[in-house]
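Below is one structure, written out as structure tokens, with a few remarks after it.
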Amino acid sequence: MKKKIAFNTLGCKLNLNETDSLVSDFHKSGYDIVSSNEQADVYIINTCTVTNKSDRKSRNIINRARNKINNPVVLVTGCFAENSKEYLERFDDITYVIDNKRKSQIFSIIDAHFNGEILKPDELKSGVFDFSTAETSLHTRSMIKIQDGCDKFCSYCIIPYVRGRAQSRPYKDILKNIKSILTCEYKEIVLTGINMGSYNYEGTNFSTLLEMILELDGDFRVRISSLEPEGIDPLFISLMSHPKMCRNLHICLQSGSDRILKLMNRDYTIDNFKTSIQKIKEVCSNFNFTTDIIVGFPGETNDDFKKSCEMLIETGFSHVHTFPYSVRTGTKAAKIDNHINSKLKAERSSIIRSLSEVNKKKYRESFIGKKQRILIEKIVQNQAEGFGEHYIPVKFSGTGLIPNSFCEVLITGIEDGNNPVLLAEPVIRYNNL
């Protein structure tokens, strides 16, 4: 009988990319990929540790796997496994704890396990770019890992300690990977990394790499998962108007106060940030910007918080990932005085989320009466759902619609709710793209 294997992935798109690669490895070797809610022979949990909340989610999912009947193999990997390895190894019902640099070897470890062989994970080859091409994915788009690690050491962040120093994947390998993915009929390429703006391989920086990718043959589009402000240069700005480029960028702000940014060890100013936003808007006026905000950073005053709110209103971010500051042991921020109490952090988080919801609805309403080229994700009873080039969810009905194809639509309305979806009607459908 086929062995059943289930995956749980938390955190960043880099984790999602790595999980997709592992899914392909197991699928090609005859394993049956099942939902994590089902009974399986193996549960692989790819964890996150960016906040205390991430740690709790990781522990909860691990515990659910440990409590499954029939004593399944439980393998824990990812950043929580890296940061809490000794804690996890105390549990006899956790079979393997695998660090990030050996995550690509998970298929070999599990396959050997069922063949009665013993592989010691610490003796296996390590390499953060040794993942195979994700030909079989849990998603309709394909994520491409171009970079890993970070040298920035923001004062609140534990990621450089669990992912290691910045490393750039050879650009020839990236281009080869993308060409291979395009033959598997993927229509959207999502570039991922811990700090992609720091990409530099043999003199090729991130913007030059992006230009190479956009010039590849084929009808596909490119999206950037997340970028730090310092990764934006004149070439990057000019590429935002390229026909294959999604008009969407998640650019990490964290605070609207220069004083707090300095305490965070962020190497840009609010003026720098605004200038980059403005230059991209000059190239593409309705560009979709989203961001991260940390509220309640140690020493954040009412005035500092007010500046963050003003920045959100002025810039018009269509969505804000709001994070109450979370103490990470071992980081510089943990030693800063004047920590903010949980109640105030919750209040400030609520205000940011309310501003974000207003911005989101206003931005999405601006598309009513305009056309969008939609990549169809799924179809249920002749109703298609997908995302436009500005990465906004759209619904529309029609006959003969095909998943994973492009369709040009006219935006006719918007649904109510916290995550309003645009409503549309087809204009032109591209059947064979």
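Naming works like this for the structure tokens: A, B, ... for the chains as they're shown, residue 1 at the start of each chain, ligands 1 onward in shown order.
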Which of segment 99-327 of chain A DSSP labels helix (DSSP H, G or I), written as number ranges by chain = A: 100-114, 121-123, 159-163, 171-182, 196-198, 206-214, 229-231, 234-239, 258-263, 270-283, 302-315
Please give the complete set of residues from segment 286-406 of chain A that DSSP, run on the backbone, assigns to strand (DSSP E), formatted as JSON, numbers by chain.
-> {"A": [288, 289, 290, 291, 292, 293, 294, 295, 319, 320, 321, 322, 323, 324, 371, 372, 373, 374, 375, 376, 377, 378, 379, 380, 383, 384, 385, 386, 387, 393, 394, 395, 396, 397, 406]}
File dump, residues just selected, N, CA and C atoms, as a compact mmCIF listing (two decimals), in the first residue's frame:
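Contents of again.txt, as written:
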# COMPACT_ATOMS: atom_id res chain seq x y z
N ASN A 288 -0.34 48.51 -6.35
CA ASN A 288 -0.88 48.01 -5.10
C ASN A 288 0.24 47.75 -4.09
N PHE A 289 0.29 48.57 -3.04
CA PHE A 289 1.29 48.40 -2.00
C PHE A 289 0.65 47.82 -0.74
N THR A 290 1.31 46.80 -0.17
CA THR A 290 0.93 46.28 1.14
C THR A 290 2.17 46.33 2.03
N THR A 291 1.99 46.18 3.34
CA THR A 291 3.13 46.35 4.22
C THR A 291 2.96 45.60 5.54
N ASP A 292 4.01 45.65 6.35
CA ASP A 292 4.00 45.14 7.73
C ASP A 292 4.16 46.32 8.68
N ILE A 293 3.46 46.25 9.80
CA ILE A 293 3.64 47.23 10.88
C ILE A 293 3.78 46.49 12.20
N ILE A 294 4.81 46.82 12.95
CA ILE A 294 4.96 46.31 14.32
C ILE A 294 4.47 47.40 15.27
N VAL A 295 3.48 47.09 16.08
CA VAL A 295 2.99 48.06 17.07
C VAL A 295 3.50 47.67 18.45
N HIS A 319 -3.36 46.84 2.26
CA HIS A 319 -3.45 45.84 3.33
C HIS A 319 -2.24 46.01 4.23
N VAL A 320 -2.44 45.79 5.53
CA VAL A 320 -1.36 45.90 6.50
C VAL A 320 -1.35 44.65 7.37
N HIS A 321 -0.23 43.94 7.36
CA HIS A 321 -0.03 42.85 8.32
C HIS A 321 0.42 43.50 9.63
N THR A 322 -0.42 43.38 10.64
CA THR A 322 -0.15 44.06 11.91
C THR A 322 0.37 43.06 12.93
N PHE A 323 1.51 43.36 13.52
CA PHE A 323 2.13 42.48 14.50
C PHE A 323 2.35 43.22 15.81
N PRO A 324 1.68 42.83 16.89
CA PRO A 324 2.08 43.37 18.19
C PRO A 324 3.51 42.90 18.48
N LYS A 371 -10.71 47.24 -16.46
CA LYS A 371 -10.43 45.87 -16.86
C LYS A 371 -9.25 45.31 -16.06
N GLN A 372 -9.29 44.00 -15.86
CA GLN A 372 -8.19 43.29 -15.21
C GLN A 372 -7.96 41.97 -15.93
N ARG A 373 -6.72 41.57 -16.01
CA ARG A 373 -6.38 40.25 -16.57
C ARG A 373 -6.23 39.29 -15.40
N ILE A 374 -7.15 38.34 -15.31
CA ILE A 374 -7.25 37.47 -14.15
C ILE A 374 -6.59 36.13 -14.44
N LEU A 375 -5.83 35.63 -13.49
CA LEU A 375 -5.37 34.25 -13.53
C LEU A 375 -6.37 33.43 -12.72
N ILE A 376 -7.12 32.55 -13.40
CA ILE A 376 -8.16 31.77 -12.74
C ILE A 376 -7.54 30.71 -11.84
N GLU A 377 -7.90 30.73 -10.55
CA GLU A 377 -7.37 29.78 -9.58
C GLU A 377 -8.25 28.54 -9.48
N LYS A 378 -9.56 28.75 -9.42
CA LYS A 378 -10.47 27.62 -9.32
C LYS A 378 -11.83 28.00 -9.88
N ILE A 379 -12.63 26.97 -10.20
CA ILE A 379 -13.98 27.18 -10.73
C ILE A 379 -14.95 26.28 -9.96
N VAL A 380 -16.00 26.89 -9.42
CA VAL A 380 -17.02 26.14 -8.70
C VAL A 380 -18.38 26.53 -9.30
N GLN A 383 -18.57 29.45 -11.56
CA GLN A 383 -18.06 30.71 -11.00
C GLN A 383 -16.56 30.59 -10.80
N ALA A 384 -15.83 31.47 -11.47
CA ALA A 384 -14.38 31.46 -11.40
C ALA A 384 -13.89 32.42 -10.31
N GLU A 385 -12.81 32.03 -9.67
CA GLU A 385 -12.14 32.88 -8.69
C GLU A 385 -10.66 32.95 -9.04
N GLY A 386 -10.11 34.13 -8.92
CA GLY A 386 -8.69 34.30 -9.22
C GLY A 386 -8.20 35.66 -8.80
N PHE A 387 -7.00 36.00 -9.24
CA PHE A 387 -6.38 37.27 -8.88
C PHE A 387 -5.96 38.02 -10.13
N PRO A 393 -8.41 39.76 -5.23
CA PRO A 393 -9.30 38.64 -5.55
C PRO A 393 -10.51 39.10 -6.36
N VAL A 394 -10.86 38.30 -7.37
CA VAL A 394 -11.96 38.62 -8.29
C VAL A 394 -12.81 37.37 -8.50
N LYS A 395 -14.14 37.56 -8.56
CA LYS A 395 -15.08 36.49 -8.89
C LYS A 395 -15.85 36.87 -10.15
N PHE A 396 -16.12 35.88 -11.00
CA PHE A 396 -16.96 36.13 -12.16
C PHE A 396 -17.50 34.80 -12.67
N SER A 397 -18.60 34.87 -13.38
CA SER A 397 -19.25 33.67 -13.90
C SER A 397 -19.11 33.60 -15.41
N PHE A 406 -5.63 32.59 -18.24
CA PHE A 406 -5.88 34.02 -18.10
C PHE A 406 -7.22 34.38 -18.73
Which of these residues is nearest to Leu239 of chain A, using only C-alpha atoms: A:Tyr199, A:Cys284, A:Lys176, A:Glu18?
-> A:Cys284
Mind checking which residues fall within 8 Å of Ser155 of chain A, counting only C-alpha atoms, ignoring those fewer than 3 positions away in the same chain, and posting them as JSON, numbers by chain?
-> {"A": [263, 264, 265, 331, 332, 333]}
Counting only C-alpha atoms, figure out which residue out of A:Ser405, A:Thr51, A:Ser104, A:Ser349 gets nearest to Asp25 of chain A.
->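 Closest to Asp25 of chain A, using only C-alpha atoms: A:Ser104.
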Would you work out the distance separating atom CA of Arg59 of chain A from atom CA of Phe80 of chain A, expressed in Å to one decimal?
-> 8.8 Å
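Between Lys152 of chain A and the residues A:Thr204, A:Ser198, A:Asn286, A:Asn83, the shortest atom-to-atom distance, using only C-alpha atoms, involves A:Ser198.
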Near Lys53 of chain A, within 12 Å and counting only C-alpha atoms, which residues show up once chain neighbours fewer than 5 positions away are dropped, as a ChimeraX atom specification?
-> /A:10-11,47-48,58-60,80,323-328
Take the selection from the previous step and output its residues with C-alpha atoms, as a PDB file, in the first residue's frame.
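Result file part15.pdb:
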ATOM      1  CA  LEU A  10       3.475  27.888   8.722  1.00  0.00           C
ATOM      2  CA  GLY A  11       5.049  31.259   8.127  1.00  0.00           C
ATOM      3  CA  THR A  47       7.355  25.593  11.304  1.00  0.00           C
ATOM      4  CA  CYS A  48       7.787  29.314  11.914  1.00  0.00           C
ATOM      5  CA  SER A  58       3.794  25.448  15.651  1.00  0.00           C
ATOM      6  CA  ARG A  59       3.468  23.679  19.013  1.00  0.00           C
ATOM      7  CA  ASN A  60      -0.283  23.160  18.541  1.00  0.00           C
ATOM      8  CA  PHE A  80      10.826  26.770  15.289  1.00  0.00           C
ATOM      9  CA  PHE A 323       2.130  42.480  14.497  1.00  0.00           C
ATOM     10  CA  PRO A 324       2.083  43.367  18.193  1.00  0.00           C
ATOM     11  CA  TYR A 325       5.749  43.415  19.212  1.00  0.00           C
ATOM     12  CA  SER A 326       6.833  39.987  20.428  1.00  0.00           C
ATOM     13  CA  VAL A 327       9.905  39.552  22.632  1.00  0.00           C
ATOM     14  CA  ARG A 328      12.419  37.162  21.044  1.00  0.00           C
TER      15      ARG A 328
END
Can you list, as a PyMOL selection string, every protein, DNA or RNA residue that comes within 9 Å of Leu235 of chain A when you count only C-alpha atoms, leaving out same-chain residues fewer than 5 positions away?
-> chain A and resi 207-208+211
Those residues you just picked out, can you put them in a file as a PDB file, in the first residue's frame with N, CA and C atoms?
ATOM      1  N   SER A 207      17.669  43.396  -8.963  1.00  0.00           N
ATOM      2  CA  SER A 207      16.986  44.042 -10.091  1.00  0.00           C
ATOM      3  C   SER A 207      17.423  43.449 -11.423  1.00  0.00           C
ATOM      4  N   THR A 208      18.711  43.186 -11.566  1.00  0.00           N
ATOM      5  CA  THR A 208      19.212  42.591 -12.803  1.00  0.00           C
ATOM      6  C   THR A 208      18.661  41.181 -12.985  1.00  0.00           C
ATOM      7  N   GLU A 211      15.092  41.412 -14.137  1.00  0.00           N
ATOM      8  CA  GLU A 211      15.035  41.749 -15.561  1.00  0.00           C
ATOM      9  C   GLU A 211      15.253  40.505 -16.417  1.00  0.00           C
TER      10      GLU A 211
END
Check the smallest atom-to-atom distance from each of A:Ile69, A:Cys12, A:Val190, A:Ile411 to Lys370 of chain A using only C-alpha atoms, then report the winner.
-> A:Ile411
Hey, what's within 8 Å of Asp32 of chain A if we count only C-alpha atoms and toss same-chain stuff fewer than 2 positions away? As an MDAnalysis selection string, please?
-> chainID A and resid 2:5 26:27 30 34
Include C-alpha atoms and write out the residues we just selected as a CSV table (one decimal), in the first residue's frame.
chain,number,residue,atom,x,y,z
A,2,LYS,CA,1.1,3.6,-0.7
A,3,LYS,CA,2.3,5.4,2.4
A,4,LYS,CA,0.2,8.5,3.2
A,5,ILE,CA,2.0,11.7,3.9
A,26,PHE,CA,7.2,12.3,-2.4
A,27,HIS,CA,4.6,12.5,-5.2
A,30,GLY,CA,4.6,7.1,-5.3
A,34,VAL,CA,-3.2,13.7,2.0
If we count only C-alpha atoms, what is near Asp148 of chain A at a cut-off of 6 Å, once residues fewer than 5 positions away on the same chain are taken out, given as an MDAnalysis selection string?
-> chainID A and resid 166:167 193:194
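Note that atom CA of Ile33 of chain A and atom CA of Ile109 of chain A are 16.8 Å apart.
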Nearest to Ser366 of chain A: which of A:Asn17, A:Asn63, A:Ser285, A:Ser354 is it, counting only C-alpha atoms?
->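 Between A:Asn17, A:Asn63, A:Ser285, A:Ser354, the residue approaching Ser366 of chain A most closely is A:Ser285.
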